[in-house]
>>> print(open('data.txt').read())   # compact mmCIF, C-alpha atoms and all ligand atoms
# COMPACT_ATOMS: atom_id res chain seq x y z
CA MET J 1 0.00 0.00 0.00
CA ARG J 2 0.97 3.63 -0.50
CA ILE J 3 -0.37 5.84 2.25
CA VAL J 4 0.00 9.48 3.28
CA LEU J 5 -0.54 10.46 6.94
CA VAL J 6 -1.55 14.04 7.56
CA GLY J 7 -2.56 15.86 10.75
CA PRO J 8 -1.48 18.70 13.02
CA PRO J 9 1.79 18.56 14.95
CA GLY J 10 1.31 16.23 17.92
CA ALA J 11 -1.72 14.42 16.45
CA GLY J 12 0.20 11.14 16.65
CA LYS J 13 1.41 10.72 13.06
CA GLY J 14 4.78 9.29 14.06
CA THR J 15 3.26 7.08 16.76
CA GLN J 16 0.68 5.63 14.39
CA ALA J 17 3.05 5.45 11.41
CA THR J 18 5.47 3.20 13.30
CA ARG J 19 2.66 0.79 14.17
CA LEU J 20 0.90 0.85 10.80
CA ALA J 21 4.15 0.41 8.88
CA GLU J 22 4.95 -2.68 10.92
CA LYS J 23 1.47 -4.17 10.48
CA LEU J 24 1.44 -3.45 6.75
CA ASN J 25 5.09 -4.34 6.25
CA ILE J 26 6.00 -1.12 4.45
CA PRO J 27 8.68 1.45 5.34
CA HIS J 28 7.74 4.47 7.47
CA ILE J 29 9.11 7.55 5.73
CA SER J 30 9.10 10.66 7.91
CA THR J 31 10.65 13.80 6.44
CA GLY J 32 10.90 15.22 9.99
CA ASP J 33 12.91 12.16 11.12
CA LEU J 34 15.12 12.36 8.00
CA PHE J 35 15.87 16.03 8.74
CA ARG J 36 16.60 15.25 12.41
CA ALA J 37 19.00 12.45 11.36
CA ASN J 38 20.79 14.98 9.11
CA ILE J 39 20.96 17.45 11.99
CA SER J 40 22.52 14.92 14.34
CA GLN J 41 25.03 13.90 11.64
CA GLN J 42 25.75 17.61 11.07
CA THR J 43 25.33 17.42 7.29
CA GLU J 44 24.89 20.53 5.13
CA LEU J 45 21.23 19.58 4.68
CA GLY J 46 20.86 19.26 8.47
CA LYS J 47 22.38 22.72 9.02
CA LEU J 48 20.00 24.25 6.50
CA ALA J 49 16.93 22.39 7.83
CA LYS J 50 17.62 23.24 11.48
CA SER J 51 17.16 26.99 11.01
CA TYR J 52 13.71 26.47 9.51
CA MET J 53 12.64 23.73 11.94
CA ASP J 54 13.65 25.65 15.06
CA ALA J 55 11.49 28.54 13.89
CA GLY J 56 8.58 26.19 13.15
CA ASN J 57 8.60 26.93 9.43
CA LEU J 58 8.71 24.53 6.50
CA VAL J 59 12.08 23.62 5.05
CA PRO J 60 12.19 24.85 1.41
CA ASP J 61 10.40 22.61 -1.08
CA GLU J 62 13.39 22.08 -3.33
CA VAL J 63 15.50 20.26 -0.74
CA THR J 64 12.52 18.56 0.92
CA ILE J 65 11.17 17.10 -2.31
CA ALA J 66 14.63 15.90 -3.40
CA MET J 67 15.17 14.18 -0.03
CA ALA J 68 11.71 12.54 -0.01
CA LYS J 69 12.09 11.40 -3.62
CA ASP J 70 15.48 9.88 -2.90
CA ARG J 71 14.05 7.96 0.07
CA MET J 72 10.99 6.73 -1.86
CA GLU J 73 13.30 5.40 -4.57
CA GLN J 74 15.16 3.10 -2.17
CA PRO J 75 14.55 -0.62 -2.83
CA ASP J 76 12.60 -1.20 0.40
CA ALA J 77 9.94 1.28 -0.77
CA GLU J 78 9.31 -0.47 -4.08
CA GLY J 79 6.23 -2.33 -2.84
CA GLY J 80 4.73 0.55 -0.87
CA PHE J 81 5.38 3.17 1.81
CA LEU J 82 3.79 5.19 4.54
CA LEU J 83 4.57 8.90 4.28
CA ASP J 84 4.54 10.87 7.55
CA GLY J 85 4.87 14.65 7.24
CA PHE J 86 5.22 14.69 3.45
CA PRO J 87 3.63 16.23 1.44
CA ARG J 88 3.09 19.28 3.60
CA ASN J 89 1.86 21.86 1.09
CA VAL J 90 0.15 21.78 -2.28
CA SER J 91 3.33 22.11 -4.33
CA GLN J 92 4.82 19.07 -2.53
CA ALA J 93 1.57 17.16 -3.21
CA GLU J 94 1.84 18.06 -6.90
CA ALA J 95 5.49 16.96 -6.97
CA LEU J 96 4.52 13.65 -5.37
CA ASP J 97 1.76 13.14 -7.93
CA GLU J 98 4.26 13.76 -10.71
CA LEU J 99 6.67 11.21 -9.28
CA LEU J 100 3.90 8.61 -8.85
CA THR J 101 2.65 9.19 -12.39
CA THR J 102 6.17 8.72 -13.78
CA GLU J 103 6.44 5.44 -11.90
CA GLY J 104 2.91 4.39 -12.96
CA ILE J 105 1.74 4.01 -9.35
CA LYS J 106 -0.99 5.57 -7.20
CA LEU J 107 -1.71 6.42 -3.59
CA ASP J 108 -4.22 4.13 -1.85
CA ALA J 109 -5.31 6.51 0.90
CA VAL J 110 -4.61 9.74 2.76
CA LEU J 111 -5.32 9.31 6.47
CA ASP J 112 -6.22 12.60 8.13
CA LEU J 113 -5.59 12.32 11.90
CA GLU J 114 -7.90 14.69 13.75
CA ALA J 115 -7.30 15.92 17.30
CA PRO J 116 -8.31 19.16 19.02
CA GLU J 117 -5.69 21.86 19.51
CA GLU J 118 -5.64 21.67 23.33
CA GLU J 119 -4.87 17.94 23.11
CA VAL J 120 -2.05 18.28 20.56
CA VAL J 121 -0.46 21.00 22.68
CA LYS J 122 -0.49 18.64 25.72
CA ARG J 123 0.94 15.81 23.67
CA ILE J 124 3.78 17.97 22.35
CA ALA J 125 4.59 19.53 25.74
CA GLY J 126 5.13 16.07 27.29
CA ARG J 127 6.82 14.38 24.35
CA ARG J 128 10.35 13.03 24.79
CA ILE J 129 12.34 11.47 21.97
CA CYS J 130 15.48 9.38 21.76
CA ARG J 131 18.88 10.85 20.83
CA ASN J 132 19.69 7.72 18.80
CA ASP J 133 16.48 7.65 16.74
CA SER J 134 13.75 10.27 16.69
CA ALA J 135 11.23 7.56 15.78
CA HIS J 136 11.50 6.28 19.38
CA VAL J 137 8.84 8.50 20.95
CA PHE J 138 7.63 8.74 24.58
CA HIS J 139 5.43 10.99 26.68
CA VAL J 140 5.95 11.97 30.32
CA THR J 141 2.32 11.06 31.16
CA TYR J 142 0.79 9.12 28.27
CA LYS J 143 3.70 6.86 27.40
CA LYS J 144 6.18 6.81 30.23
CA PRO J 145 9.46 5.04 29.60
CA ALA J 146 10.23 2.26 32.12
CA LYS J 147 13.18 4.35 33.39
CA GLU J 148 12.87 8.13 33.36
CA GLY J 149 14.96 9.76 30.62
CA VAL J 150 15.99 6.44 29.03
CA CYS J 151 14.65 4.96 25.78
CA ASP J 152 12.89 1.58 26.26
CA VAL J 153 13.84 0.52 22.74
CA CYS J 154 17.60 1.14 22.65
CA GLY J 155 18.67 2.66 25.99
CA GLY J 156 19.40 6.05 24.38
CA GLU J 157 18.97 9.35 26.20
CA LEU J 158 15.52 10.94 25.96
CA TYR J 159 15.25 14.67 25.31
CA GLN J 160 12.73 17.31 24.31
CA ARG J 161 12.75 18.34 20.65
CA ASP J 162 14.12 21.87 20.06
CA ASP J 163 10.96 22.78 18.13
CA ASP J 164 8.62 21.65 20.93
CA SER J 165 8.87 24.98 22.78
CA GLU J 166 5.55 26.78 23.29
CA ALA J 167 6.34 29.64 20.88
CA THR J 168 7.50 27.32 18.09
CA VAL J 169 4.49 25.05 18.52
CA ARG J 170 2.22 28.04 17.94
CA THR J 171 4.01 28.79 14.64
CA ARG J 172 3.89 25.09 13.63
CA LEU J 173 0.12 25.01 14.20
CA GLU J 174 -0.32 28.17 12.15
CA VAL J 175 1.82 26.75 9.34
CA TYR J 176 -0.27 23.58 9.49
CA HIS J 177 -3.54 25.50 9.06
CA THR J 178 -2.32 27.79 6.30
CA GLN J 179 0.00 25.54 4.29
CA THR J 180 -0.76 21.89 5.06
CA GLU J 181 -4.54 21.78 5.50
CA PRO J 182 -5.09 22.77 1.83
CA ILE J 183 -3.65 19.40 0.79
CA ILE J 184 -6.66 17.72 2.43
CA ASP J 185 -8.95 19.42 -0.13
CA TYR J 186 -6.44 18.62 -2.86
CA TYR J 187 -6.66 14.90 -2.00
CA LYS J 188 -10.43 15.06 -1.43
CA THR J 189 -10.83 15.86 -5.11
CA GLN J 190 -8.97 12.59 -5.76
CA GLY J 191 -11.33 10.74 -3.36
CA LEU J 192 -8.42 9.62 -1.18
CA VAL J 193 -9.09 11.21 2.22
CA VAL J 194 -10.20 9.15 5.21
CA THR J 195 -10.66 11.02 8.48
CA ILE J 196 -9.41 9.21 11.58
CA GLU J 197 -10.42 10.34 15.04
CA ALA J 198 -7.04 10.57 16.81
CA MET J 199 -8.35 10.94 20.38
CA GLY J 200 -8.30 8.01 22.77
CA PRO J 201 -5.73 5.27 23.45
CA VAL J 202 -3.00 4.70 20.85
CA ASP J 203 -4.20 1.12 20.19
CA GLU J 204 -7.72 2.30 19.43
CA VAL J 205 -6.48 4.91 16.97
CA THR J 206 -4.39 2.23 15.22
CA ALA J 207 -7.42 -0.08 15.06
CA ARG J 208 -9.52 2.72 13.52
CA ALA J 209 -6.83 3.42 10.92
CA LEU J 210 -6.46 -0.26 10.01
CA ALA J 211 -10.24 -0.68 9.73
CA ALA J 212 -10.44 2.39 7.47
CA LEU J 213 -7.63 1.07 5.24
CA LYS J 214 -9.39 -2.28 4.99
CA ARG J 215 -12.64 -0.54 3.94
CA GLU J 216 -10.73 1.45 1.32
CA GLY J 217 -9.11 -1.76 0.07
CA ASP J 218 -12.47 -3.57 -0.13
CA GLU J 219 -14.02 -0.68 -2.07
CA ASN J 220 -11.21 -0.51 -4.67
P1 LIG K 1 7.66 16.65 11.95
O1 LIG K 1 8.73 15.93 12.62
O2 LIG K 1 6.89 16.00 10.88
O3 LIG K 1 6.68 17.26 13.06
P2 LIG K 1 5.11 17.57 13.10
O4 LIG K 1 4.32 17.43 11.87
O5 LIG K 1 5.07 18.91 13.73
O6 LIG K 1 4.53 16.46 13.92
P3 LIG K 1 5.09 15.90 15.23
O7 LIG K 1 6.22 14.97 14.93
O8 LIG K 1 5.34 17.02 16.18
O9 LIG K 1 3.83 15.10 15.81
P4 LIG K 1 3.25 13.68 15.45
O10 LIG K 1 1.93 13.88 14.80
O11 LIG K 1 4.25 12.83 14.75
O12 LIG K 1 2.99 13.13 16.92
P5 LIG K 1 3.73 11.98 17.78
O13 LIG K 1 3.36 10.65 17.23
O14 LIG K 1 5.16 12.30 17.98
O15 LIG K 1 8.27 18.00 11.33
C1 LIG K 1 9.11 18.83 12.08
C2 LIG K 1 9.63 19.96 11.23
O16 LIG K 1 10.41 19.45 10.13
C3 LIG K 1 8.56 20.85 10.55
O17 LIG K 1 8.08 21.84 11.41
C4 LIG K 1 9.36 21.40 9.36
O18 LIG K 1 10.20 22.44 9.76
C5 LIG K 1 10.22 20.20 8.96
N1 LIG K 1 9.56 19.36 7.93
C6 LIG K 1 9.19 18.06 8.06
N2 LIG K 1 8.60 17.61 6.93
C7 LIG K 1 8.60 18.66 6.06
C8 LIG K 1 8.10 18.85 4.75
N3 LIG K 1 7.48 17.88 4.08
N4 LIG K 1 8.27 20.06 4.17
C9 LIG K 1 8.91 21.07 4.80
N5 LIG K 1 9.38 20.97 6.07
C10 LIG K 1 9.22 19.78 6.70
O19 LIG K 1 2.94 12.15 19.16
C11 LIG K 1 3.12 13.31 19.96
C12 LIG K 1 3.13 12.90 21.46
O20 LIG K 1 1.84 12.41 21.81
C13 LIG K 1 4.12 11.77 21.79
O21 LIG K 1 4.71 12.03 23.01
C14 LIG K 1 3.23 10.50 21.84
O22 LIG K 1 3.73 9.56 22.76
C15 LIG K 1 1.90 11.09 22.30
N6 LIG K 1 0.72 10.39 21.74
C16 LIG K 1 0.57 9.94 20.47
N7 LIG K 1 -0.65 9.38 20.32
C17 LIG K 1 -1.29 9.49 21.53
C18 LIG K 1 -2.57 9.08 22.00
N8 LIG K 1 -3.47 8.47 21.21
N9 LIG K 1 -2.88 9.37 23.30
C19 LIG K 1 -1.98 9.97 24.11
N10 LIG K 1 -0.74 10.38 23.71
C20 LIG K 1 -0.40 10.13 22.44
MG MG K 2 6.22 13.12 14.09
>>> encode(input="data.txt", output="structure tokens")
Amino acid sequence: MRIVLVGPPGAGKGTQATRLAEKLNIPHISTGDLFRANISQQTELGKLAKSYMDAGNLVPDEVTIAMAKDRMEQPDAEGGFLLDGFPRNVSQAEALDELLTTEGIKLDAVLDLEAPEEEVVKRIAGRRICRNDSAHVFHVTYKKPAKEGVCDVCGGELYQRDDDSEATVRTRLEVYHTQTEPIIDYYKTQGLVVTIEAMGPVDEVTARALAALKREGDEN
């Protein structure tokens, strides 16, 4: 399957993507995680991305699209992928469509994770991620690690993302409403959008997403 996950910062895209990718046996491709890996490796791309991310703004399309394209062209993504955080504006969605058309493939669904603003702010404020891999995600209340400050998966140090400060979160939410939400209408015209209620326990949200994907599969 080829799936796009969309939703405001803190809705649980990364959390759900990890679980869905495992169940569906497809790679989880997160442009945010790819940028963070570049930042920790201190690459030129990481240096460029950091200035935009810390301010809560989108990294320029040119570098983002090239990075996402390169990742989607890796052998493990041949049979399908789950995109988390890409596309994030209409021009990225158009670039993705172009790439898919060239390859003669199509998206199966766009899952739109919905959660109220006060909830996403709480989720972001308590989030802690692992220094070794930003896909290892915890929460000080909702998903406590067994040992405070230590990743359950690999033993790495847990820290708060630089862009999870209150001021930056406000900008990220604004950017989401103005630049990312329009892609939901873009994909609605293609009949691809399925809304997923992202409130409630993580397992229940995953079950809702899997049920929705099954319905989409049965219909097509
Ligand atoms: P990115 O890393 O994609 O961040 P985001 O979209 O702001 O989303 P988050 O990662 O903050 O939230 P999430 O929805 O993944 O939630 P999570 O599962 O962690 O992007 C960061 C930056 O990179 C952007 O601002 C931009 O600068 C740049 N960037 C990335 N892609 C780009 C692109 N395509 N173009 C340009 N720039 C780009 O969950 C949050 C917390 O809640 C966790 O602690 C989790 O444990 C907890 N939680 C999850 N689900 C539940 C639940 N059901 N109940 C209780 N707690 C829960
Ligand atoms: Mg994420």
>>> atom_distance(input="data.txt", atom1="atom CA of J:Gly14", atom2="atom CA of J:Leu113")
11.0 Å
>>> closest_residue(input="data.txt", among="J:Thr102, J:Ser40, J:Thr195, J:Thr31", to="J:Asp70", atoms="all atoms listed in the file")
J:Thr31
>>> atom_distance(input="data.txt", atom1="atom CA of J:Ala135", atom2="atom CA of J:Val153")
10.2 Å
>>> residues_near_point(input="data.txt", point="(-3.3, 18.1, 1.3)", cutoff="9 Å", atoms="only C-alpha atoms", output="ChimeraX atom specification")
/J:6,87-90,93,110,179-188
>>> residues_near_ligand(input="data.txt", ligand="ligand MG 2 (chain K)", cutoff="7 Å", atoms="only C-alpha atoms and all ligand atoms", output="ChimeraX atom specification")
/J:10,12-14,32
>>> closest_residue(input="data.txt", among="J:Arg127, J:Lys122, J:Arg2, J:Arg36", to="ligand LIG 1 (chain K)", atoms="only C-alpha atoms and all ligand atoms")
J:Arg127
>>> axis_aligned_box(input="data.txt", around="ligand LIG 1 (chain K)", padding_each_side="6 Å", output="AutoDock Vina command-line options")
--center_x 3.5 --center_y 15.5 --center_z 14.1 --size_x 25.9 --size_y 26.0 --size_z 32.0
>>> atom_distance(input="data.txt", atom1="atom C14 of ligand LIG 1 (chain K)", atom2="atom CA of J:Asp112")
16.8 Å
>>> residues_around(input="data.txt", residues="J:Val120", least_positions_apart="2", cutoff="9 Å", atoms="all atoms listed in the file", output="PyMOL selection string")
chain J and resi 8-12+115-118+122-125
>>> write_last_selection(input="data.txt", atoms="C-alpha atoms", output="compact mmCIF listing (two decimals), keeping the file's coordinate frame")
# COMPACT_ATOMS: atom_id res chain seq x y z
CA PRO J 8 -1.48 18.70 13.02
CA PRO J 9 1.79 18.56 14.95
CA GLY J 10 1.31 16.23 17.92
CA ALA J 11 -1.72 14.42 16.45
CA GLY J 12 0.20 11.14 16.65
CA ALA J 115 -7.30 15.92 17.30
CA PRO J 116 -8.31 19.16 19.02
CA GLU J 117 -5.69 21.86 19.51
CA GLU J 118 -5.64 21.67 23.33
CA LYS J 122 -0.49 18.64 25.72
CA ARG J 123 0.94 15.81 23.67
CA ILE J 124 3.78 17.97 22.35
CA ALA J 125 4.59 19.53 25.74
>>> residues_near_point(input="data.txt", point="(-10.8, 11.0, 15.0)", cutoff="12 Å", atoms="all atoms listed in the file", output="list of chain:residue names")
J:Gly7, J:Ala11, J:Gly12, J:Leu111, J:Asp112, J:Leu113, J:Glu114, J:Ala115, J:Pro116, J:Val194, J:Thr195, J:Ile196, J:Glu197, J:Ala198, J:Met199, J:Gly200, J:Pro201, J:Val202, J:Glu204, J:Val205, J:Thr206, J:Ala207, J:Arg208, J:Ala209, J:Ala212
>>> closest_residue(input="data.txt", among="J:Glu78, J:Asp108, J:Asp152, J:Asp133", to="J:Met1", atoms="only C-alpha atoms")
J:Asp108
>>> closest_residue(input="data.txt", among="J:Asp164, J:Glu157, J:Asp97, J:Glu103", to="ligand LIG 1 (chain K)", atoms="all atoms listed in the file")
J:Asp164
>>> residues_around(input="data.txt", residues="J:Cys130", least_positions_apart="6", cutoff="7 Å", atoms="only C-alpha atoms", output="JSON, numbers by chain")
{"J": [136, 137, 151, 156, 157, 158, 159]}
>>> closest_residue(input="data.txt", among="J:Glu219, J:Asp54, J:Asp162, J:Asp84", to="J:Ala68", atoms="all atoms listed in the file")
J:Asp84
>>> closest_residue(input="data.txt", among="J:Tyr142, J:Phe81, J:Phe35, J:Phe86", to="J:Lys47", atoms="all atoms listed in the file")
J:Phe35
>>> residues_around(input="data.txt", residues="J:Met72", least_positions_apart="4", cutoff="12 Å", atoms="only C-alpha atoms", output="PDB file with C-alpha atoms, keeping the file's coordinate frame")
ATOM      1  CA  ARG J   2       0.970   3.630  -0.500  1.00  0.00           C
ATOM      2  CA  ILE J  26       6.000  -1.120   4.450  1.00  0.00           C
ATOM      3  CA  PRO J  27       8.680   1.450   5.340  1.00  0.00           C
ATOM      4  CA  HIS J  28       7.740   4.470   7.470  1.00  0.00           C
ATOM      5  CA  ILE J  29       9.110   7.550   5.730  1.00  0.00           C
ATOM      6  CA  SER J  30       9.100  10.660   7.910  1.00  0.00           C
ATOM      7  CA  THR J  31      10.650  13.800   6.440  1.00  0.00           C
ATOM      8  CA  ILE J  65      11.170  17.100  -2.310  1.00  0.00           C
ATOM      9  CA  ALA J  66      14.630  15.900  -3.400  1.00  0.00           C
ATOM     10  CA  MET J  67      15.170  14.180  -0.030  1.00  0.00           C
ATOM     11  CA  ALA J  68      11.710  12.540  -0.010  1.00  0.00           C
ATOM     12  CA  ASP J  76      12.600  -1.200   0.400  1.00  0.00           C
ATOM     13  CA  ALA J  77       9.940   1.280  -0.770  1.00  0.00           C
ATOM     14  CA  GLU J  78       9.310  -0.470  -4.080  1.00  0.00           C
ATOM     15  CA  GLY J  79       6.230  -2.330  -2.840  1.00  0.00           C
ATOM     16  CA  GLY J  80       4.730   0.550  -0.870  1.00  0.00           C
ATOM     17  CA  PHE J  81       5.380   3.170   1.810  1.00  0.00           C
ATOM     18  CA  LEU J  82       3.790   5.190   4.540  1.00  0.00           C
ATOM     19  CA  LEU J  83       4.570   8.900   4.280  1.00  0.00           C
ATOM     20  CA  PHE J  86       5.220  14.690   3.450  1.00  0.00           C
ATOM     21  CA  LEU J  96       4.520  13.650  -5.370  1.00  0.00           C
ATOM     22  CA  LEU J  99       6.670  11.210  -9.280  1.00  0.00           C
ATOM     23  CA  LEU J 100       3.900   8.610  -8.850  1.00  0.00           C
ATOM     24  CA  GLU J 103       6.440   5.440 -11.900  1.00  0.00           C
TER      25      GLU J 103
END
